[in-house]
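Source file: query-v4.txt; contents: compact mmCIF, N, CA and C atoms.
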```txt
# COMPACT_ATOMS: atom_id res chain seq x y z
N MET A 17 16.24 25.66 20.06
CA MET A 17 16.41 24.91 18.82
C MET A 17 15.03 24.74 18.16
N ALA A 18 15.00 24.95 16.86
CA ALA A 18 13.74 24.84 16.11
C ALA A 18 13.35 23.37 15.92
N ASP A 19 12.06 23.14 15.83
CA ASP A 19 11.55 21.82 15.46
C ASP A 19 11.49 21.73 13.95
N LEU A 20 11.79 20.57 13.42
CA LEU A 20 11.76 20.37 11.98
C LEU A 20 10.40 20.73 11.41
N LYS A 21 9.32 20.36 12.12
CA LYS A 21 7.97 20.64 11.64
C LYS A 21 7.69 22.13 11.52
N ASP A 22 8.48 22.97 12.21
CA ASP A 22 8.33 24.41 12.07
C ASP A 22 9.06 24.95 10.84
N LEU A 23 9.97 24.16 10.29
CA LEU A 23 10.79 24.59 9.16
C LEU A 23 10.32 24.04 7.82
N ILE A 24 9.80 22.83 7.85
CA ILE A 24 9.36 22.19 6.60
C ILE A 24 8.06 21.45 6.81
N ASN A 25 7.44 21.06 5.72
CA ASN A 25 6.21 20.25 5.78
C ASN A 25 6.61 18.80 6.03
N VAL A 26 6.45 18.33 7.25
CA VAL A 26 6.83 16.96 7.60
C VAL A 26 5.74 15.95 7.21
N ASN A 27 4.64 16.44 6.69
CA ASN A 27 3.54 15.56 6.27
C ASN A 27 3.40 15.52 4.76
N ILE A 28 4.45 15.84 4.04
CA ILE A 28 4.37 15.91 2.58
C ILE A 28 4.02 14.56 1.96
N ASN A 29 4.37 13.47 2.62
CA ASN A 29 4.07 12.14 2.09
C ASN A 29 2.78 11.55 2.66
N ARG A 30 2.09 12.31 3.49
CA ARG A 30 0.85 11.82 4.09
C ARG A 30 -0.35 12.23 3.26
N ASP A 31 -1.33 11.38 3.31
CA ASP A 31 -2.57 11.65 2.60
C ASP A 31 -3.67 11.00 3.43
N THR A 32 -4.88 11.00 2.93
CA THR A 32 -5.98 10.31 3.61
C THR A 32 -6.82 9.57 2.58
N ILE A 33 -7.47 8.53 3.07
CA ILE A 33 -8.51 7.87 2.28
C ILE A 33 -9.77 7.89 3.13
N SER A 34 -10.89 7.91 2.46
CA SER A 34 -12.16 7.98 3.16
C SER A 34 -12.78 6.58 3.23
N ILE A 35 -13.03 6.12 4.46
CA ILE A 35 -13.69 4.84 4.69
C ILE A 35 -14.90 5.12 5.57
N GLN A 36 -16.07 4.78 5.09
CA GLN A 36 -17.33 5.02 5.80
C GLN A 36 -17.47 6.48 6.22
N GLY A 37 -16.98 7.39 5.37
CA GLY A 37 -17.10 8.81 5.65
C GLY A 37 -16.06 9.36 6.60
N LYS A 38 -15.14 8.55 7.06
CA LYS A 38 -14.09 9.00 7.98
C LYS A 38 -12.78 9.08 7.21
N GLU A 39 -12.03 10.16 7.43
CA GLU A 39 -10.72 10.33 6.79
C GLU A 39 -9.67 9.58 7.60
N ILE A 40 -9.04 8.62 6.95
CA ILE A 40 -8.02 7.79 7.59
C ILE A 40 -6.66 8.19 7.03
N PRO A 41 -5.69 8.53 7.91
CA PRO A 41 -4.37 8.91 7.40
C PRO A 41 -3.65 7.71 6.78
N VAL A 42 -3.02 7.94 5.64
CA VAL A 42 -2.27 6.89 4.95
C VAL A 42 -0.91 7.43 4.54
N LEU A 43 0.02 6.50 4.38
CA LEU A 43 1.38 6.83 4.01
C LEU A 43 1.98 5.61 3.34
N PHE A 44 2.78 5.82 2.32
CA PHE A 44 3.53 4.72 1.74
C PHE A 44 5.00 5.08 1.78
N GLU A 45 5.75 4.31 2.56
CA GLU A 45 7.16 4.54 2.75
C GLU A 45 7.85 3.19 2.90
N ILE A 46 9.12 3.17 3.16
CA ILE A 46 9.88 1.92 3.19
C ILE A 46 9.24 0.89 4.13
N GLN A 47 8.79 1.29 5.30
CA GLN A 47 8.17 0.35 6.25
C GLN A 47 6.92 -0.31 5.66
N SER A 48 6.29 0.35 4.72
CA SER A 48 5.07 -0.17 4.11
C SER A 48 5.31 -1.51 3.41
N PHE A 49 6.52 -1.71 2.89
CA PHE A 49 6.82 -2.96 2.21
C PHE A 49 6.63 -4.16 3.14
N ALA A 50 7.06 -4.01 4.39
CA ALA A 50 6.89 -5.09 5.37
C ALA A 50 5.41 -5.35 5.65
N TYR A 51 4.61 -4.29 5.71
CA TYR A 51 3.18 -4.45 5.93
C TYR A 51 2.51 -5.14 4.74
N VAL A 52 2.95 -4.80 3.53
CA VAL A 52 2.42 -5.47 2.33
C VAL A 52 2.72 -6.95 2.41
N THR A 53 3.95 -7.30 2.73
CA THR A 53 4.36 -8.71 2.83
C THR A 53 3.55 -9.43 3.90
N GLU A 54 3.35 -8.79 5.03
CA GLU A 54 2.55 -9.37 6.12
C GLU A 54 1.13 -9.66 5.65
N ALA A 55 0.52 -8.69 5.01
CA ALA A 55 -0.88 -8.83 4.59
C ALA A 55 -1.04 -9.79 3.42
N TYR A 56 -0.12 -9.75 2.47
CA TYR A 56 -0.24 -10.57 1.26
C TYR A 56 0.18 -12.01 1.53
N GLY A 57 1.04 -12.20 2.52
CA GLY A 57 1.48 -13.56 2.86
C GLY A 57 2.54 -14.11 1.92
N LYS A 58 3.08 -13.24 1.08
CA LYS A 58 4.13 -13.62 0.13
C LYS A 58 5.13 -12.49 0.07
N PRO A 59 6.34 -12.76 -0.44
CA PRO A 59 7.33 -11.69 -0.53
C PRO A 59 6.83 -10.51 -1.37
N TYR A 60 7.39 -9.34 -1.10
CA TYR A 60 6.95 -8.14 -1.79
C TYR A 60 7.05 -8.27 -3.30
N TYR A 61 8.13 -8.86 -3.80
CA TYR A 61 8.29 -8.95 -5.26
C TYR A 61 7.15 -9.76 -5.89
N VAL A 62 6.59 -10.74 -5.18
CA VAL A 62 5.45 -11.50 -5.70
C VAL A 62 4.22 -10.59 -5.73
N PHE A 63 4.01 -9.84 -4.66
CA PHE A 63 2.91 -8.87 -4.62
C PHE A 63 3.03 -7.91 -5.79
N GLU A 64 4.22 -7.35 -6.00
CA GLU A 64 4.42 -6.38 -7.07
C GLU A 64 4.13 -6.98 -8.44
N ASN A 65 4.60 -8.21 -8.67
CA ASN A 65 4.33 -8.89 -9.95
C ASN A 65 2.83 -9.13 -10.14
N ASP A 66 2.17 -9.59 -9.07
CA ASP A 66 0.73 -9.84 -9.15
C ASP A 66 -0.06 -8.54 -9.37
N LEU A 67 0.37 -7.48 -8.71
CA LEU A 67 -0.29 -6.18 -8.88
C LEU A 67 -0.13 -5.69 -10.31
N ASN A 68 1.07 -5.80 -10.85
CA ASN A 68 1.30 -5.38 -12.23
C ASN A 68 0.48 -6.21 -13.21
N SER A 69 0.36 -7.51 -12.96
CA SER A 69 -0.47 -8.36 -13.82
C SER A 69 -1.93 -7.95 -13.76
N MET A 70 -2.41 -7.64 -12.56
CA MET A 70 -3.79 -7.24 -12.38
C MET A 70 -4.09 -5.94 -13.13
N LEU A 71 -3.13 -5.02 -13.15
CA LEU A 71 -3.33 -3.71 -13.75
C LEU A 71 -3.00 -3.65 -15.23
N ARG A 72 -2.43 -4.72 -15.74
CA ARG A 72 -1.92 -4.72 -17.12
C ARG A 72 -2.97 -4.32 -18.16
N ASP A 73 -4.18 -4.88 -18.08
CA ASP A 73 -5.17 -4.58 -19.12
C ASP A 73 -6.09 -3.40 -18.76
N GLY A 74 -5.89 -2.82 -17.59
CA GLY A 74 -6.67 -1.64 -17.21
C GLY A 74 -8.04 -1.93 -16.65
N LYS A 75 -8.42 -3.21 -16.59
CA LYS A 75 -9.71 -3.58 -16.02
C LYS A 75 -9.47 -4.46 -14.81
N VAL A 76 -10.01 -4.06 -13.69
CA VAL A 76 -9.83 -4.82 -12.45
C VAL A 76 -11.17 -5.40 -12.02
N GLU A 77 -11.21 -6.70 -11.89
CA GLU A 77 -12.41 -7.37 -11.39
C GLU A 77 -12.26 -7.59 -9.89
N LEU A 78 -13.37 -7.64 -9.19
CA LEU A 78 -13.33 -7.84 -7.75
C LEU A 78 -13.46 -9.32 -7.39
N ASN A 79 -12.44 -10.07 -7.75
CA ASN A 79 -12.37 -11.48 -7.36
C ASN A 79 -11.50 -11.58 -6.10
N GLU A 80 -11.39 -12.77 -5.56
CA GLU A 80 -10.65 -12.98 -4.32
C GLU A 80 -9.19 -12.50 -4.42
N LYS A 81 -8.51 -12.85 -5.50
CA LYS A 81 -7.10 -12.46 -5.65
C LYS A 81 -6.96 -10.94 -5.73
N GLU A 82 -7.83 -10.31 -6.48
CA GLU A 82 -7.79 -8.86 -6.62
C GLU A 82 -8.09 -8.16 -5.29
N LEU A 83 -9.07 -8.67 -4.57
CA LEU A 83 -9.39 -8.10 -3.25
C LEU A 83 -8.22 -8.25 -2.29
N LYS A 84 -7.50 -9.37 -2.39
CA LYS A 84 -6.34 -9.58 -1.52
C LYS A 84 -5.24 -8.57 -1.86
N LEU A 85 -5.01 -8.34 -3.14
CA LEU A 85 -4.03 -7.34 -3.55
C LEU A 85 -4.43 -5.95 -3.05
N MET A 86 -5.68 -5.58 -3.27
CA MET A 86 -6.17 -4.27 -2.87
C MET A 86 -6.13 -4.09 -1.36
N SER A 87 -6.58 -5.09 -0.63
CA SER A 87 -6.61 -4.97 0.82
C SER A 87 -5.19 -4.97 1.40
N SER A 88 -4.26 -5.68 0.77
CA SER A 88 -2.87 -5.69 1.25
C SER A 88 -2.24 -4.31 1.12
N LEU A 89 -2.44 -3.67 -0.03
CA LEU A 89 -1.89 -2.34 -0.24
C LEU A 89 -2.56 -1.32 0.68
N THR A 90 -3.86 -1.40 0.81
CA THR A 90 -4.60 -0.48 1.67
C THR A 90 -4.19 -0.66 3.13
N TYR A 91 -4.08 -1.91 3.57
CA TYR A 91 -3.63 -2.21 4.94
C TYR A 91 -2.25 -1.60 5.20
N ALA A 92 -1.32 -1.81 4.27
CA ALA A 92 0.04 -1.29 4.44
C ALA A 92 0.04 0.22 4.58
N MET A 93 -0.77 0.89 3.79
CA MET A 93 -0.82 2.35 3.84
C MET A 93 -1.47 2.86 5.12
N ILE A 94 -2.50 2.19 5.56
CA ILE A 94 -3.17 2.61 6.79
C ILE A 94 -2.25 2.40 7.99
N ARG A 95 -1.60 1.23 8.05
CA ARG A 95 -0.65 0.97 9.14
C ARG A 95 0.50 1.96 9.12
N SER A 96 1.05 2.22 7.94
CA SER A 96 2.15 3.18 7.83
C SER A 96 1.70 4.59 8.19
N GLY A 97 0.43 4.87 7.98
CA GLY A 97 -0.13 6.18 8.33
C GLY A 97 -0.37 6.35 9.81
N GLY A 98 -0.20 5.27 10.58
CA GLY A 98 -0.28 5.37 12.04
C GLY A 98 -1.54 4.81 12.67
N THR A 99 -2.36 4.11 11.91
CA THR A 99 -3.58 3.53 12.47
C THR A 99 -3.39 2.02 12.62
N ASN A 100 -3.64 1.52 13.81
CA ASN A 100 -3.53 0.09 14.06
C ASN A 100 -4.80 -0.60 13.55
N CYS A 101 -4.62 -1.68 12.81
CA CYS A 101 -5.75 -2.41 12.27
C CYS A 101 -5.29 -3.80 11.84
N THR A 102 -6.24 -4.62 11.41
CA THR A 102 -5.91 -5.92 10.83
C THR A 102 -6.43 -5.93 9.39
N VAL A 103 -5.93 -6.87 8.63
CA VAL A 103 -6.40 -7.02 7.25
C VAL A 103 -7.89 -7.36 7.26
N GLU A 104 -8.30 -8.18 8.21
CA GLU A 104 -9.70 -8.56 8.31
C GLU A 104 -10.59 -7.35 8.59
N GLU A 105 -10.10 -6.42 9.41
CA GLU A 105 -10.87 -5.20 9.68
C GLU A 105 -10.99 -4.35 8.41
N ILE A 106 -9.91 -4.30 7.64
CA ILE A 106 -9.95 -3.55 6.38
C ILE A 106 -11.00 -4.16 5.45
N ARG A 107 -10.92 -5.47 5.28
CA ARG A 107 -11.85 -6.13 4.36
C ARG A 107 -13.29 -6.06 4.87
N GLY A 108 -13.47 -6.13 6.18
CA GLY A 108 -14.81 -6.06 6.74
C GLY A 108 -15.35 -4.65 6.84
N GLY A 109 -14.45 -3.67 6.83
CA GLY A 109 -14.87 -2.28 7.03
C GLY A 109 -15.09 -1.49 5.75
N ILE A 110 -14.71 -2.06 4.62
CA ILE A 110 -14.87 -1.34 3.35
C ILE A 110 -15.94 -2.04 2.52
N PRO A 111 -17.06 -1.36 2.30
CA PRO A 111 -18.11 -1.96 1.46
C PRO A 111 -17.58 -2.21 0.04
N LEU A 112 -18.07 -3.26 -0.58
CA LEU A 112 -17.63 -3.62 -1.93
C LEU A 112 -17.73 -2.45 -2.90
N LYS A 113 -18.80 -1.68 -2.79
CA LYS A 113 -19.03 -0.56 -3.71
C LYS A 113 -17.97 0.54 -3.56
N ASP A 114 -17.25 0.57 -2.44
CA ASP A 114 -16.25 1.62 -2.18
C ASP A 114 -14.83 1.22 -2.57
N TRP A 115 -14.61 -0.05 -2.86
CA TRP A 115 -13.26 -0.52 -3.14
C TRP A 115 -12.61 0.19 -4.31
N GLN A 116 -13.35 0.44 -5.38
CA GLN A 116 -12.75 1.07 -6.56
C GLN A 116 -12.17 2.44 -6.21
N THR A 117 -12.93 3.26 -5.52
CA THR A 117 -12.48 4.60 -5.15
C THR A 117 -11.29 4.55 -4.20
N ILE A 118 -11.40 3.70 -3.18
CA ILE A 118 -10.33 3.60 -2.18
C ILE A 118 -9.06 3.05 -2.81
N PHE A 119 -9.20 2.00 -3.61
CA PHE A 119 -8.02 1.42 -4.23
C PHE A 119 -7.38 2.38 -5.23
N GLN A 120 -8.17 3.12 -5.97
CA GLN A 120 -7.60 4.08 -6.91
C GLN A 120 -6.76 5.12 -6.18
N LYS A 121 -7.27 5.61 -5.05
CA LYS A 121 -6.51 6.59 -4.25
C LYS A 121 -5.23 5.96 -3.73
N ALA A 122 -5.32 4.74 -3.20
CA ALA A 122 -4.13 4.03 -2.69
C ALA A 122 -3.12 3.81 -3.82
N LEU A 123 -3.60 3.42 -4.97
CA LEU A 123 -2.73 3.17 -6.12
C LEU A 123 -2.05 4.47 -6.58
N ASP A 124 -2.79 5.56 -6.58
CA ASP A 124 -2.20 6.86 -6.95
C ASP A 124 -1.06 7.23 -5.99
N ILE A 125 -1.28 7.03 -4.71
CA ILE A 125 -0.25 7.32 -3.71
C ILE A 125 0.94 6.39 -3.92
N PHE A 126 0.68 5.12 -4.09
CA PHE A 126 1.71 4.11 -4.29
C PHE A 126 2.57 4.46 -5.51
N GLN A 127 1.93 4.81 -6.61
CA GLN A 127 2.66 5.08 -7.84
C GLN A 127 3.38 6.43 -7.82
N SER A 128 3.01 7.31 -6.91
CA SER A 128 3.66 8.62 -6.85
C SER A 128 4.97 8.57 -6.06
N GLN A 129 5.21 7.49 -5.33
CA GLN A 129 6.44 7.38 -4.55
C GLN A 129 7.62 7.14 -5.47
N ASP A 130 8.72 7.74 -5.14
CA ASP A 130 9.91 7.66 -5.99
C ASP A 130 11.04 7.00 -5.20
N PHE A 131 10.94 5.69 -5.02
CA PHE A 131 11.99 4.97 -4.33
C PHE A 131 13.15 4.76 -5.28
N GLN A 132 14.34 4.73 -4.72
CA GLN A 132 15.52 4.47 -5.53
C GLN A 132 15.50 3.04 -6.02
N LYS A 133 15.87 2.81 -7.26
CA LYS A 133 15.89 1.47 -7.84
C LYS A 133 16.74 0.53 -7.00
N GLU A 134 17.86 1.01 -6.48
CA GLU A 134 18.74 0.17 -5.67
C GLU A 134 18.02 -0.32 -4.40
N ASP A 135 17.21 0.55 -3.79
CA ASP A 135 16.47 0.16 -2.59
C ASP A 135 15.46 -0.93 -2.91
N LEU A 136 14.74 -0.77 -4.02
CA LEU A 136 13.74 -1.76 -4.41
C LEU A 136 14.39 -3.08 -4.79
N ASP A 137 15.53 -3.02 -5.50
CA ASP A 137 16.24 -4.25 -5.86
C ASP A 137 16.73 -4.98 -4.62
N ARG A 138 17.26 -4.21 -3.65
CA ARG A 138 17.74 -4.82 -2.41
C ARG A 138 16.57 -5.46 -1.66
N LEU A 139 15.45 -4.78 -1.62
CA LEU A 139 14.26 -5.31 -0.96
C LEU A 139 13.81 -6.60 -1.61
N LYS A 140 13.79 -6.64 -2.95
CA LYS A 140 13.41 -7.86 -3.67
C LYS A 140 14.37 -8.99 -3.36
N ASN A 141 15.68 -8.69 -3.36
CA ASN A 141 16.68 -9.72 -3.10
C ASN A 141 16.58 -10.23 -1.65
N ASP A 142 16.35 -9.33 -0.71
CA ASP A 142 16.19 -9.74 0.69
C ASP A 142 14.97 -10.63 0.86
N SER A 143 13.90 -10.32 0.15
CA SER A 143 12.67 -11.11 0.23
C SER A 143 12.88 -12.52 -0.35
N LYS A 144 13.65 -12.60 -1.41
CA LYS A 144 13.90 -13.90 -2.05
C LYS A 144 14.76 -14.80 -1.17
N LYS A 145 15.63 -14.21 -0.32
CA LYS A 145 16.51 -15.00 0.53
C LYS A 145 15.77 -15.66 1.68
N LYS A 146 14.63 -15.11 2.06
CA LYS A 146 13.88 -15.62 3.23
C LYS A 146 13.16 -16.89 2.91
```
Using structure tokens, write down the structure that the file contains.
Amino acid sequence: MADLKDLINVNINRDTISIQGKEIPVLFEIQSFAYVTEAYGKPYYVFENDLNSMLRDGKVELNEKELKLMSSLTYAMIRSGGTNCTVEEIRGGIPLKDWQTIFQKALDIFQSQDFQKEDLDRLKNDSKKK
């Protein structure tokens, strides 16, 4: 019997981000939502609203709230990519000067995902019930 990886590209949703010159595998998939919620400390729909507000005018400042949004998304992608870490390690391991590049890559990956609207609505509703 053939392995799926021999028939198709099973890493089509995988990418990497560079932290301190090391390529770290990242992925954004359904499990990532739970990691975002864990890191942000609020339901996913709150994170999504805050992220949209931050990006609305196209200028992102590196204040505490913005760093929390950026580190939450980056943490979720790194964890989903298969690397064990903490939010504190992410924030301590990424120099301030590198956040723009890393966050832009994470945001590009995040925005390229095509989740079904029904899945996202269900996720938002499940988060509100908790």
Could I get the residues of segment 33-57 of chain A with an atom no further than 8 Å from an atom of segment 117-120 of chain A, each paired with its nearest atom pair and that distance in Å to one decimal, using only C-alpha atoms, sorted by chain and residue number, as a tab-separated table?
```
residue	atom	partner	partner_atom	distance
A:Ile33	CA	A:Ile118	CA	6.4
A:Ser34	CA	A:Ile118	CA	7.1
A:Ile35	CA	A:Ile118	CA	7.7
```
With N, CA and C atoms retained, write the just-selected residues as a CSV table (one decimal), in the coordinates of the input.
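Wrote out_5.csv, looks like this:
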```csv
chain,number,residue,atom,x,y,z
A,33,ILE,N,-7.5,8.5,3.1
A,33,ILE,CA,-8.5,7.9,2.3
A,33,ILE,C,-9.8,7.9,3.1
A,34,SER,N,-10.9,7.9,2.5
A,34,SER,CA,-12.2,8.0,3.2
A,34,SER,C,-12.8,6.6,3.2
A,35,ILE,N,-13.0,6.1,4.5
A,35,ILE,CA,-13.7,4.8,4.7
A,35,ILE,C,-14.9,5.1,5.6
```
Exercise for the section: Please write as a list in words the list of polymer residues whose atoms come within 5 Å of (2.8, -6.1, -1.4), counting only N, CA and C atoms and keeping to the coordinates of the file. Expected result: Val52, Thr53, Tyr60, Phe63 and Glu64 of chain A
Could those selected residues go to a file with N, CA and C atoms, as a JSON list (two decimals), in the frame of the given file?
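Written out: out.json:
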```json
[["chain", "number", "residue", "atom", "x", "y", "z"],
["A", 52, "VAL", "N", 2.95, -4.80, 3.53],
["A", 52, "VAL", "CA", 2.42, -5.47, 2.33],
["A", 52, "VAL", "C", 2.72, -6.95, 2.41],
["A", 53, "THR", "N", 3.95, -7.30, 2.73],
["A", 53, "THR", "CA", 4.36, -8.71, 2.83],
["A", 53, "THR", "C", 3.55, -9.43, 3.90],
["A", 60, "TYR", "N", 7.39, -9.34, -1.10],
["A", 60, "TYR", "CA", 6.95, -8.14, -1.79],
["A", 60, "TYR", "C", 7.05, -8.27, -3.30],
["A", 63, "PHE", "N", 4.01, -9.84, -4.66],
["A", 63, "PHE", "CA", 2.91, -8.87, -4.62],
["A", 63, "PHE", "C", 3.03, -7.91, -5.79],
["A", 64, "GLU", "N", 4.22, -7.35, -6.00],
["A", 64, "GLU", "CA", 4.42, -6.38, -7.07],
["A", 64, "GLU", "C", 4.13, -6.98, -8.44]]
```
Exercise for the section: Rounded to one decimal place, report the atom N of Pro111 of chain A-atom N of Gln36 of chain A distance in Å. Expected result: 6.8 Å
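Rounded to one decimal, atom CA of Arg72 of chain A and atom CA of Asp124 of chain A lie 15.4 Å from each other.
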Could you list as a compact mmCIF listing (two decimals) with N, CA and C atoms, keeping the file's coordinate frame every residue that has an atom within 9 Å of (-2.3, 7.1, 5.5), using the file's coordinates and counting only C-alpha atoms?
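Full text of result-v6.txt as output:
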```
# COMPACT_ATOMS: atom_id res chain seq x y z
N ASN A 29 4.37 13.47 2.62
CA ASN A 29 4.07 12.14 2.09
C ASN A 29 2.78 11.55 2.66
N ARG A 30 2.09 12.31 3.49
CA ARG A 30 0.85 11.82 4.09
C ARG A 30 -0.35 12.23 3.26
N ASP A 31 -1.33 11.38 3.31
CA ASP A 31 -2.57 11.65 2.60
C ASP A 31 -3.67 11.00 3.43
N THR A 32 -4.88 11.00 2.93
CA THR A 32 -5.98 10.31 3.61
C THR A 32 -6.82 9.57 2.58
N ILE A 33 -7.47 8.53 3.07
CA ILE A 33 -8.51 7.87 2.28
C ILE A 33 -9.77 7.89 3.13
N ILE A 40 -9.04 8.62 6.95
CA ILE A 40 -8.02 7.79 7.59
C ILE A 40 -6.66 8.19 7.03
N PRO A 41 -5.69 8.53 7.91
CA PRO A 41 -4.37 8.91 7.40
C PRO A 41 -3.65 7.71 6.78
N VAL A 42 -3.02 7.94 5.64
CA VAL A 42 -2.27 6.89 4.95
C VAL A 42 -0.91 7.43 4.54
N LEU A 43 0.02 6.50 4.38
CA LEU A 43 1.38 6.83 4.01
C LEU A 43 1.98 5.61 3.34
N PHE A 44 2.78 5.82 2.32
CA PHE A 44 3.53 4.72 1.74
C PHE A 44 5.00 5.08 1.78
N THR A 90 -3.86 -1.40 0.81
CA THR A 90 -4.60 -0.48 1.67
C THR A 90 -4.19 -0.66 3.13
N ALA A 92 -1.32 -1.81 4.27
CA ALA A 92 0.04 -1.29 4.44
C ALA A 92 0.04 0.22 4.58
N MET A 93 -0.77 0.89 3.79
CA MET A 93 -0.82 2.35 3.84
C MET A 93 -1.47 2.86 5.12
N ILE A 94 -2.50 2.19 5.56
CA ILE A 94 -3.17 2.61 6.79
C ILE A 94 -2.25 2.40 7.99
N ARG A 95 -1.60 1.23 8.05
CA ARG A 95 -0.65 0.97 9.14
C ARG A 95 0.50 1.96 9.12
N SER A 96 1.05 2.22 7.94
CA SER A 96 2.15 3.18 7.83
C SER A 96 1.70 4.59 8.19
N GLY A 97 0.43 4.87 7.98
CA GLY A 97 -0.13 6.18 8.33
C GLY A 97 -0.37 6.35 9.81
N GLY A 98 -0.20 5.27 10.58
CA GLY A 98 -0.28 5.37 12.04
C GLY A 98 -1.54 4.81 12.67
N THR A 99 -2.36 4.11 11.91
CA THR A 99 -3.58 3.53 12.47
C THR A 99 -3.39 2.02 12.62
N ALA A 122 -5.32 4.74 -3.20
CA ALA A 122 -4.13 4.03 -2.69
C ALA A 122 -3.12 3.81 -3.82
```
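In this comparison, which uses all atoms listed in the file, the residue of A:Trp115, A:Cys101, A:Ile24, A:Ser128 approaching Met86 of chain A most closely is A:Trp115.
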Practice task
Would you please give, as a ChimeraX atom specification, all residues of chain A that DSSP assigns to helix (DSSP H, G or I) based on the backbone?
Solution key: /A:20-23,46-56,60-71,80-96,103-109,112-128,133-145
Practice task
One decimal, Å: what's the distance from atom CA of Ala55 of chain A over to atom N of Thr102 of chain A, could you say?
Solution key: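 Computing it gives 9.6 Å between the two atoms.
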